[in-house]
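Below is the file work.pdb, which contains PDB, C-alpha atoms.
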ATOM      1  CA  MET A  14      73.017 162.251 -49.166  1.00  0.00           C
ATOM      2  CA  LEU A  15      75.212 160.515 -51.678  1.00  0.00           C
ATOM      3  CA  SER A  16      72.410 159.980 -54.190  1.00  0.00           C
ATOM      4  CA  PRO A  17      71.273 162.880 -56.379  1.00  0.00           C
ATOM      5  CA  PRO A  18      68.083 164.666 -55.307  1.00  0.00           C
ATOM      6  CA  HIS A  19      64.872 164.224 -57.276  1.00  0.00           C
ATOM      7  CA  ARG A  20      64.293 167.118 -59.694  1.00  0.00           C
ATOM      8  CA  ARG A  21      61.133 168.194 -57.814  1.00  0.00           C
ATOM      9  CA  ASP A  22      63.351 168.726 -54.735  1.00  0.00           C
ATOM     10  CA  SER A  23      66.322 170.435 -56.403  1.00  0.00           C
ATOM     11  CA  HIS A  24      64.163 172.666 -58.651  1.00  0.00           C
ATOM     12  CA  PRO A  25      60.760 173.038 -56.951  1.00  0.00           C
ATOM     13  CA  ASP A  26      58.078 175.213 -58.513  1.00  0.00           C
ATOM     14  CA  GLY A  27      57.761 177.012 -55.193  1.00  0.00           C
ATOM     15  CA  VAL A  28      59.056 176.850 -51.626  1.00  0.00           C
ATOM     16  CA  LEU A  29      56.892 177.233 -48.526  1.00  0.00           C
ATOM     17  CA  LEU A  30      58.027 178.682 -45.202  1.00  0.00           C
ATOM     18  CA  TRP A  31      56.249 177.135 -42.201  1.00  0.00           C
ATOM     19  CA  GLU A  32      55.973 179.447 -39.190  1.00  0.00           C
ATOM     20  CA  ALA A  33      53.940 177.660 -36.505  1.00  0.00           C
ATOM     21  CA  TYR A  34      52.773 174.257 -35.280  1.00  0.00           C
ATOM     22  CA  LYS A  35      49.595 172.790 -33.759  1.00  0.00           C
ATOM     23  CA  THR A  36      49.228 171.510 -30.228  1.00  0.00           C
ATOM     24  CA  THR A  37      46.216 170.659 -28.100  1.00  0.00           C
ATOM     25  CA  GLU A  38      46.486 174.220 -26.728  1.00  0.00           C
ATOM     26  CA  GLY A  39      46.391 175.840 -30.175  1.00  0.00           C
ATOM     27  CA  GLU A  40      48.892 177.201 -32.667  1.00  0.00           C
ATOM     28  CA  ILE A  41      52.400 178.016 -31.403  1.00  0.00           C
ATOM     29  CA  PRO A  42      54.936 180.068 -33.410  1.00  0.00           C
ATOM     30  CA  LEU A  43      58.256 178.421 -34.240  1.00  0.00           C
ATOM     31  CA  PRO A  44      61.301 179.940 -32.512  1.00  0.00           C
ATOM     32  CA  PRO A  45      62.490 183.047 -34.401  1.00  0.00           C
ATOM     33  CA  HIS A  46      65.792 181.406 -35.437  1.00  0.00           C
ATOM     34  CA  ALA A  47      64.048 178.365 -36.950  1.00  0.00           C
ATOM     35  CA  ILE A  48      63.525 178.117 -40.692  1.00  0.00           C
ATOM     36  CA  VAL A  49      61.413 175.171 -41.857  1.00  0.00           C
ATOM     37  CA  ILE A  50      60.810 174.948 -45.596  1.00  0.00           C
ATOM     38  CA  SER A  51      59.213 172.496 -48.006  1.00  0.00           C
ATOM     39  CA  ARG A  52      58.236 172.200 -51.637  1.00  0.00           C
ATOM     40  CA  ALA A  53      55.012 174.076 -52.420  1.00  0.00           C
ATOM     41  CA  HIS A  54      53.478 170.987 -54.033  1.00  0.00           C
ATOM     42  CA  ASP A  55      53.394 167.307 -53.135  1.00  0.00           C
ATOM     43  CA  SER A  56      54.743 164.567 -55.415  1.00  0.00           C
ATOM     44  CA  LYS A  57      51.423 164.510 -57.318  1.00  0.00           C
ATOM     45  CA  GLY A  58      51.529 168.264 -58.005  1.00  0.00           C
ATOM     46  CA  ARG A  59      48.848 169.229 -55.468  1.00  0.00           C
ATOM     47  CA  PRO A  60      49.415 172.300 -53.248  1.00  0.00           C
ATOM     48  CA  LYS A  61      50.974 171.153 -49.975  1.00  0.00           C
ATOM     49  CA  GLN A  62      48.635 171.752 -47.034  1.00  0.00           C
ATOM     50  CA  VAL A  63      50.202 169.534 -44.365  1.00  0.00           C
ATOM     51  CA  TYR A  64      53.808 169.178 -43.246  1.00  0.00           C
ATOM     52  CA  TYR A  65      55.373 167.628 -40.156  1.00  0.00           C
ATOM     53  CA  ALA A  66      58.572 168.194 -38.183  1.00  0.00           C
ATOM     54  CA  LEU A  67      60.536 166.461 -35.455  1.00  0.00           C
ATOM     55  CA  VAL A  68      61.290 168.648 -32.422  1.00  0.00           C
ATOM     56  CA  CYS A  69      64.889 168.290 -31.269  1.00  0.00           C
ATOM     57  CA  GLU A  70      67.412 170.071 -29.085  1.00  0.00           C
ATOM     58  CA  ASN A  71      71.046 169.986 -28.143  1.00  0.00           C
ATOM     59  CA  PRO A  72      71.972 171.978 -25.033  1.00  0.00           C
ATOM     60  CA  THR A  73      75.587 172.326 -26.194  1.00  0.00           C
ATOM     61  CA  GLY A  74      74.588 173.749 -29.574  1.00  0.00           C
ATOM     62  CA  ILE A  75      73.855 171.968 -32.805  1.00  0.00           C
ATOM     63  CA  LEU A  76      76.518 173.687 -34.925  1.00  0.00           C
ATOM     64  CA  HIS A  77      79.461 171.887 -33.315  1.00  0.00           C
ATOM     65  CA  SER A  78      77.777 168.642 -32.305  1.00  0.00           C
ATOM     66  CA  GLY A  79      78.813 166.370 -35.178  1.00  0.00           C
ATOM     67  CA  HIS A  80      81.872 164.132 -35.449  1.00  0.00           C
ATOM     68  CA  GLY A  81      82.062 160.491 -36.397  1.00  0.00           C
ATOM     69  CA  MET A  82      80.492 158.386 -39.116  1.00  0.00           C
ATOM     70  CA  LEU A  83      77.068 156.789 -39.404  1.00  0.00           C
ATOM     71  CA  ASP A  84      76.947 153.283 -40.872  1.00  0.00           C
ATOM     72  CA  THR A  85      73.528 152.998 -42.522  1.00  0.00           C
ATOM     73  CA  ARG A  86      73.816 149.196 -42.567  1.00  0.00           C
ATOM     74  CA  THR A  87      72.849 149.224 -38.882  1.00  0.00           C
ATOM     75  CA  LEU A  88      69.681 151.320 -39.296  1.00  0.00           C
ATOM     76  CA  ARG A  89      66.097 150.395 -40.153  1.00  0.00           C
ATOM     77  CA  ASN A  90      63.064 152.661 -40.350  1.00  0.00           C
ATOM     78  CA  PHE A  91      61.081 152.406 -37.141  1.00  0.00           C
ATOM     79  CA  GLY A  92      57.825 152.291 -39.122  1.00  0.00           C
ATOM     80  CA  ASP A  93      57.309 151.230 -42.723  1.00  0.00           C
ATOM     81  CA  ASP A  94      57.785 147.530 -41.830  1.00  0.00           C
ATOM     82  CA  GLY A  95      61.413 148.106 -40.790  1.00  0.00           C
ATOM     83  CA  LYS A  96      62.703 148.784 -44.285  1.00  0.00           C
ATOM     84  CA  PRO A  97      66.314 149.953 -44.613  1.00  0.00           C
ATOM     85  CA  VAL A  98      66.881 153.714 -44.693  1.00  0.00           C
ATOM     86  CA  GLY A  99      66.614 154.870 -48.320  1.00  0.00           C
ATOM     87  CA  SER A 100      69.503 156.551 -50.117  1.00  0.00           C
ATOM     88  CA  SER A 101      67.510 159.767 -50.637  1.00  0.00           C
ATOM     89  CA  GLN A 102      65.646 159.695 -47.319  1.00  0.00           C
ATOM     90  CA  VAL A 103      66.088 163.025 -45.530  1.00  0.00           C
ATOM     91  CA  THR A 104      64.320 162.456 -42.209  1.00  0.00           C
ATOM     92  CA  ALA A 105      63.702 159.176 -40.429  1.00  0.00           C
ATOM     93  CA  VAL A 106      62.991 157.705 -37.042  1.00  0.00           C
ATOM     94  CA  VAL A 107      65.196 154.636 -36.977  1.00  0.00           C
ATOM     95  CA  GLU A 108      66.246 151.767 -34.782  1.00  0.00           C
ATOM     96  CA  ARG A 109      69.606 150.026 -34.689  1.00  0.00           C
ATOM     97  CA  THR A 110      69.745 146.486 -35.968  1.00  0.00           C
ATOM     98  CA  SER A 111      72.404 144.097 -37.134  1.00  0.00           C
ATOM     99  CA  PRO A 112      73.967 145.165 -40.443  1.00  0.00           C
ATOM    100  CA  HIS A 113      72.190 144.362 -43.700  1.00  0.00           C
ATOM    101  CA  ASP A 114      74.001 144.010 -47.017  1.00  0.00           C
ATOM    102  CA  LYS A 115      73.963 147.534 -48.538  1.00  0.00           C
ATOM    103  CA  SER A 116      76.425 149.895 -46.869  1.00  0.00           C
ATOM    104  CA  ARG A 117      76.939 153.627 -47.012  1.00  0.00           C
ATOM    105  CA  SER A 118      78.711 155.605 -44.341  1.00  0.00           C
ATOM    106  CA  TYR A 119      77.864 159.264 -43.858  1.00  0.00           C
ATOM    107  CA  PRO A 120      79.675 161.880 -41.772  1.00  0.00           C
ATOM    108  CA  ILE A 121      77.719 163.002 -38.716  1.00  0.00           C
ATOM    109  CA  THR A 122      77.418 166.783 -39.050  1.00  0.00           C
ATOM    110  CA  ALA A 123      74.970 167.447 -36.196  1.00  0.00           C
ATOM    111  CA  ARG A 124      73.435 165.640 -33.249  1.00  0.00           C
ATOM    112  CA  ALA A 125      70.241 166.393 -31.365  1.00  0.00           C
ATOM    113  CA  MET A 126      67.773 164.574 -29.129  1.00  0.00           C
ATOM    114  CA  LEU A 127      64.020 164.413 -29.634  1.00  0.00           C
ATOM    115  CA  THR A 128      62.233 166.564 -27.104  1.00  0.00           C
ATOM    116  CA  ALA A 129      58.563 167.175 -26.283  1.00  0.00           C
ATOM    117  CA  PRO A 130      56.295 167.538 -28.181  1.00  0.00           C
ATOM    118  CA  TYR A 131      58.504 165.233 -30.363  1.00  0.00           C
ATOM    119  CA  ALA A 132      56.596 165.419 -33.675  1.00  0.00           C
ATOM    120  CA  VAL A 133      54.326 168.270 -34.711  1.00  0.00           C
ATOM    121  CA  GLN A 134      52.045 169.244 -37.558  1.00  0.00           C
ATOM    122  CA  LEU A 135      53.254 172.531 -38.999  1.00  0.00           C
ATOM    123  CA  THR A 136      50.877 175.363 -39.886  1.00  0.00           C
ATOM    124  CA  ALA A 137      50.924 178.978 -41.062  1.00  0.00           C
ATOM    125  CA  HIS A 138      52.778 178.576 -44.331  1.00  0.00           C
ATOM    126  CA  ARG A 139      53.503 181.089 -47.065  1.00  0.00           C
ATOM    127  CA  LYS A 140      55.419 180.993 -50.339  1.00  0.00           C
ATOM    128  CA  LEU A 141      58.941 182.440 -50.208  1.00  0.00           C
ATOM    129  CA  SER A 142      59.882 185.224 -52.627  1.00  0.00           C
ATOM    130  CA  GLU A 143      62.859 184.956 -54.984  1.00  0.00           C
ATOM    131  CA  GLU A 144      64.807 187.374 -52.748  1.00  0.00           C
ATOM    132  CA  GLU A 145      64.124 185.217 -49.669  1.00  0.00           C
ATOM    133  CA  LEU A 146      65.253 182.123 -51.590  1.00  0.00           C
ATOM    134  CA  ARG A 147      68.494 183.910 -52.524  1.00  0.00           C
ATOM    135  CA  LEU A 148      69.081 184.768 -48.850  1.00  0.00           C
ATOM    136  CA  LEU A 149      68.545 181.135 -47.831  1.00  0.00           C
ATOM    137  CA  HIS A 150      70.881 179.940 -50.559  1.00  0.00           C
ATOM    138  CA  GLN A 151      73.596 182.290 -49.266  1.00  0.00           C
ATOM    139  CA  ALA A 152      72.984 181.039 -45.729  1.00  0.00           C
ATOM    140  CA  SER A 153      73.341 177.422 -46.871  1.00  0.00           C
ATOM    141  CA  LEU A 154      76.902 178.004 -48.094  1.00  0.00           C
ATOM    142  CA  GLY A 155      78.135 177.662 -44.500  1.00  0.00           C
ATOM    143  CA  THR A 156      80.047 180.922 -44.308  1.00  0.00           C
ATOM    144  CA  MET A 157      77.719 182.706 -41.850  1.00  0.00           C
ATOM    145  CA  THR A 158      78.196 183.177 -38.162  1.00  0.00           C
ATOM    146  CA  THR A 159      75.384 182.349 -35.766  1.00  0.00           C
ATOM    147  CA  LYS A 160      74.663 186.078 -35.499  1.00  0.00           C
ATOM    148  CA  ASP A 161      74.419 186.316 -39.326  1.00  0.00           C
ATOM    149  CA  TRP A 162      72.011 183.352 -39.432  1.00  0.00           C
ATOM    150  CA  ILE A 163      69.739 184.896 -36.810  1.00  0.00           C
ATOM    151  CA  ALA A 164      69.656 188.132 -38.815  1.00  0.00           C
ATOM    152  CA  VAL A 165      68.698 186.251 -42.001  1.00  0.00           C
ATOM    153  CA  ALA A 166      66.083 184.176 -40.162  1.00  0.00           C
ATOM    154  CA  LYS A 167      64.609 187.319 -38.607  1.00  0.00           C
ATOM    155  CA  GLN A 168      64.474 189.057 -41.983  1.00  0.00           C
ATOM    156  CA  ILE A 169      62.693 186.109 -43.613  1.00  0.00           C
ATOM    157  CA  ARG A 170      60.360 185.357 -40.714  1.00  0.00           C
ATOM    158  CA  LEU A 171      59.231 189.009 -40.302  1.00  0.00           C
ATOM    159  CA  THR A 172      58.430 189.518 -43.991  1.00  0.00           C
TER     160      THR A 172
END

Kindly return the structure encoded in the file as structure tokens.
Amino acid sequence: MLSPPHRRDSHPDGVLLWEAYKTTEGEIPLPPHAIVISRAHDSKGRPKQVYYALVCENPTGILHSGHGMLDTRTLRNFGDDGKPVGSSQVTAVVERTSPHDKSRSYPITARAMLTAPYAVQLTAHRKLSEEELRLLHQASLGTMTTKDWIAVAKQIRLT
């Protein structure tokens, strides 16, 4: 994102780790290498009880699947009356359209395809400790190998 994050996102008063999702067959744990986090409180300061995720995959691996540029002028939100993608929007389901007037190009760092069950409601959350947050910060610096990431994810998920 080229726009600065909102303060509640860059300095949250707590971070939740989500460890499972709901289906019609019950609660299913996330894969052990997956880390899904959110702010502990919603934009009105209430404790977050519900969170959603898109389920994606890339058979060739997500780490080396980027390349190219994304012209946001050609994208509109699929819902929300087809509004343009916002400058601080992190996740969106979009459709391609003809360009509109505001333009920002972003590098494509990863590609994946939606896969069943497509969108899920996450469950089983807990607040991360300061030590776990430090580990995630180190992991976000991009210097870890896949093996290192799996070790960090395992450490956090088994706490």

Selection result for the PyMOL selection byres ((chain A and resi 45) around 8) on this file, as a short mmCIF file (atom, residue, chain, number, x, y, z; two decimals) with C-alpha atoms, keeping the file's coordinate frame:
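Result saved to part.cif:
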data_model
loop_
_atom_site.label_atom_id
_atom_site.label_comp_id
_atom_site.auth_asym_id
_atom_site.auth_seq_id
_atom_site.Cartn_x
_atom_site.Cartn_y
_atom_site.Cartn_z
CA LEU A 43 58.26 178.42 -34.24
CA PRO A 44 61.30 179.94 -32.51
CA HIS A 46 65.79 181.41 -35.44
CA ALA A 47 64.05 178.36 -36.95
CA ILE A 163 69.74 184.90 -36.81
CA ALA A 166 66.08 184.18 -40.16
CA LYS A 167 64.61 187.32 -38.61
CA ARG A 170 60.36 185.36 -40.71
#

**OP:** Name all residues at most 7 Å from Arg52 (chain A) (count only C-alpha atoms; drop same-chain ones fewer than 5 positions away) and give them as a ChimeraX atom specification.
**Re:** /A:22,25,27-29

Subject >> Given only C-alpha atoms as the counted atoms, nearest of A:Leu135, A:Gln102, A:Lys61, A:Val165 to Arg147 (chain A) >> reply: A:Val165

**OP:** Give as a ChimeraX atom specification the set of residues within 8 Å of the point (52.4, 171.0, -38.0), where distances use the file's coordinates and all atoms listed in the file.
**Re:** /A:33-35,63-66,133-136

**OP:** Kindly indicate which residue among A:Ala164, A:Met126, A:Ala105, A:Ile169 lies nearest to Lys140 (chain A), using all atoms listed in the file for the distances.
**Re:**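 Closest candidate: A:Ile169.
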
Subject >> Using only C-alpha atoms: which of A:Gln62, A:Ser56, A:Ser118, A:Gln168 has the shortest distance to Leu83 (chain A) >> reply: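 Result for the nearest residue to Leu83 (chain A): A:Ser118.
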
Original post:
Looking at A:Leu146, A:Lys160, A:Ala132, A:Ala137, which one is nearest to Ile41 (chain A), with distances taken over all atoms listed in the file?
Top reply: A:Ala137

Original post:
So which residues get picked by the PyMOL selection byres ((chain A and resi 50) around 7) here, written as a list of chain:residue names?
Top reply: A:Val28, A:Leu29, A:Leu30, A:Trp31, A:Ile48, A:Val49, A:Ser51

Subject >> Residue IDs satisfying the PyMOL selection byres ((chain A and resi 78) around 6), as a list in words >> reply: Ile75, Leu76, His77, Gly79, Ala123 and Arg124 of chain A

How would the residues just picked look written out with C-alpha atoms as a compact mmCIF listing (two decimals), in the coordinates of the input?
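Saved to selection-v3.txt:
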# COMPACT_ATOMS: atom_id res chain seq x y z
CA ILE A 75 73.86 171.97 -32.80
CA LEU A 76 76.52 173.69 -34.92
CA HIS A 77 79.46 171.89 -33.32
CA GLY A 79 78.81 166.37 -35.18
CA ALA A 123 74.97 167.45 -36.20
CA ARG A 124 73.44 165.64 -33.25

Original post:
At what distance in Å, to one decimal, does CA of His24 (chain A) lie from CA of Tyr119 (chain A)?
Top reply: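 Here the two named atoms are 24.2 Å from each other.
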
**OP:** Between CA of Thr110 (chain A) and CA of Pro97 (chain A), measure the distance and give it in Å to one decimal.
**Re:**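 Interatomic distance here is 9.9 Å.
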
Original post:
If we count all atoms listed in the file, what is near Cys69 (chain A) at a cut-off of 7 Å, once residues fewer than 6 positions away on the same chain are taken out, given as a list of chain:residue names?
Top reply: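 Contacts, with the query itself left out: A:Ala125, A:Met126, A:Leu127, A:Thr128.
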
Only C-alpha atoms, please: the residues just picked out, written as a PDB file, keeping the file's coordinate frame.
ATOM      1  CA  ALA A 125      70.241 166.393 -31.365  1.00  0.00           C
ATOM      2  CA  MET A 126      67.773 164.574 -29.129  1.00  0.00           C
ATOM      3  CA  LEU A 127      64.020 164.413 -29.634  1.00  0.00           C
ATOM      4  CA  THR A 128      62.233 166.564 -27.104  1.00  0.00           C
TER       5      THR A 128
END

Subject >> Length of the CA of Ala53 (chain A) to CA of Gln151 (chain A) vector [Å] >> reply: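 So the two atoms, CA of Ala53 (chain A) and CA of Gln151 (chain A), lie 20.6 Å apart.
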
**OP:** Give the answer as one residue: which of A:Asp26, A:Glu108, A:Glu144, A:Glu32 has the shortest atom-to-atom distance to Leu88 (chain A), using only C-alpha atoms?
**Re:** A:Glu108
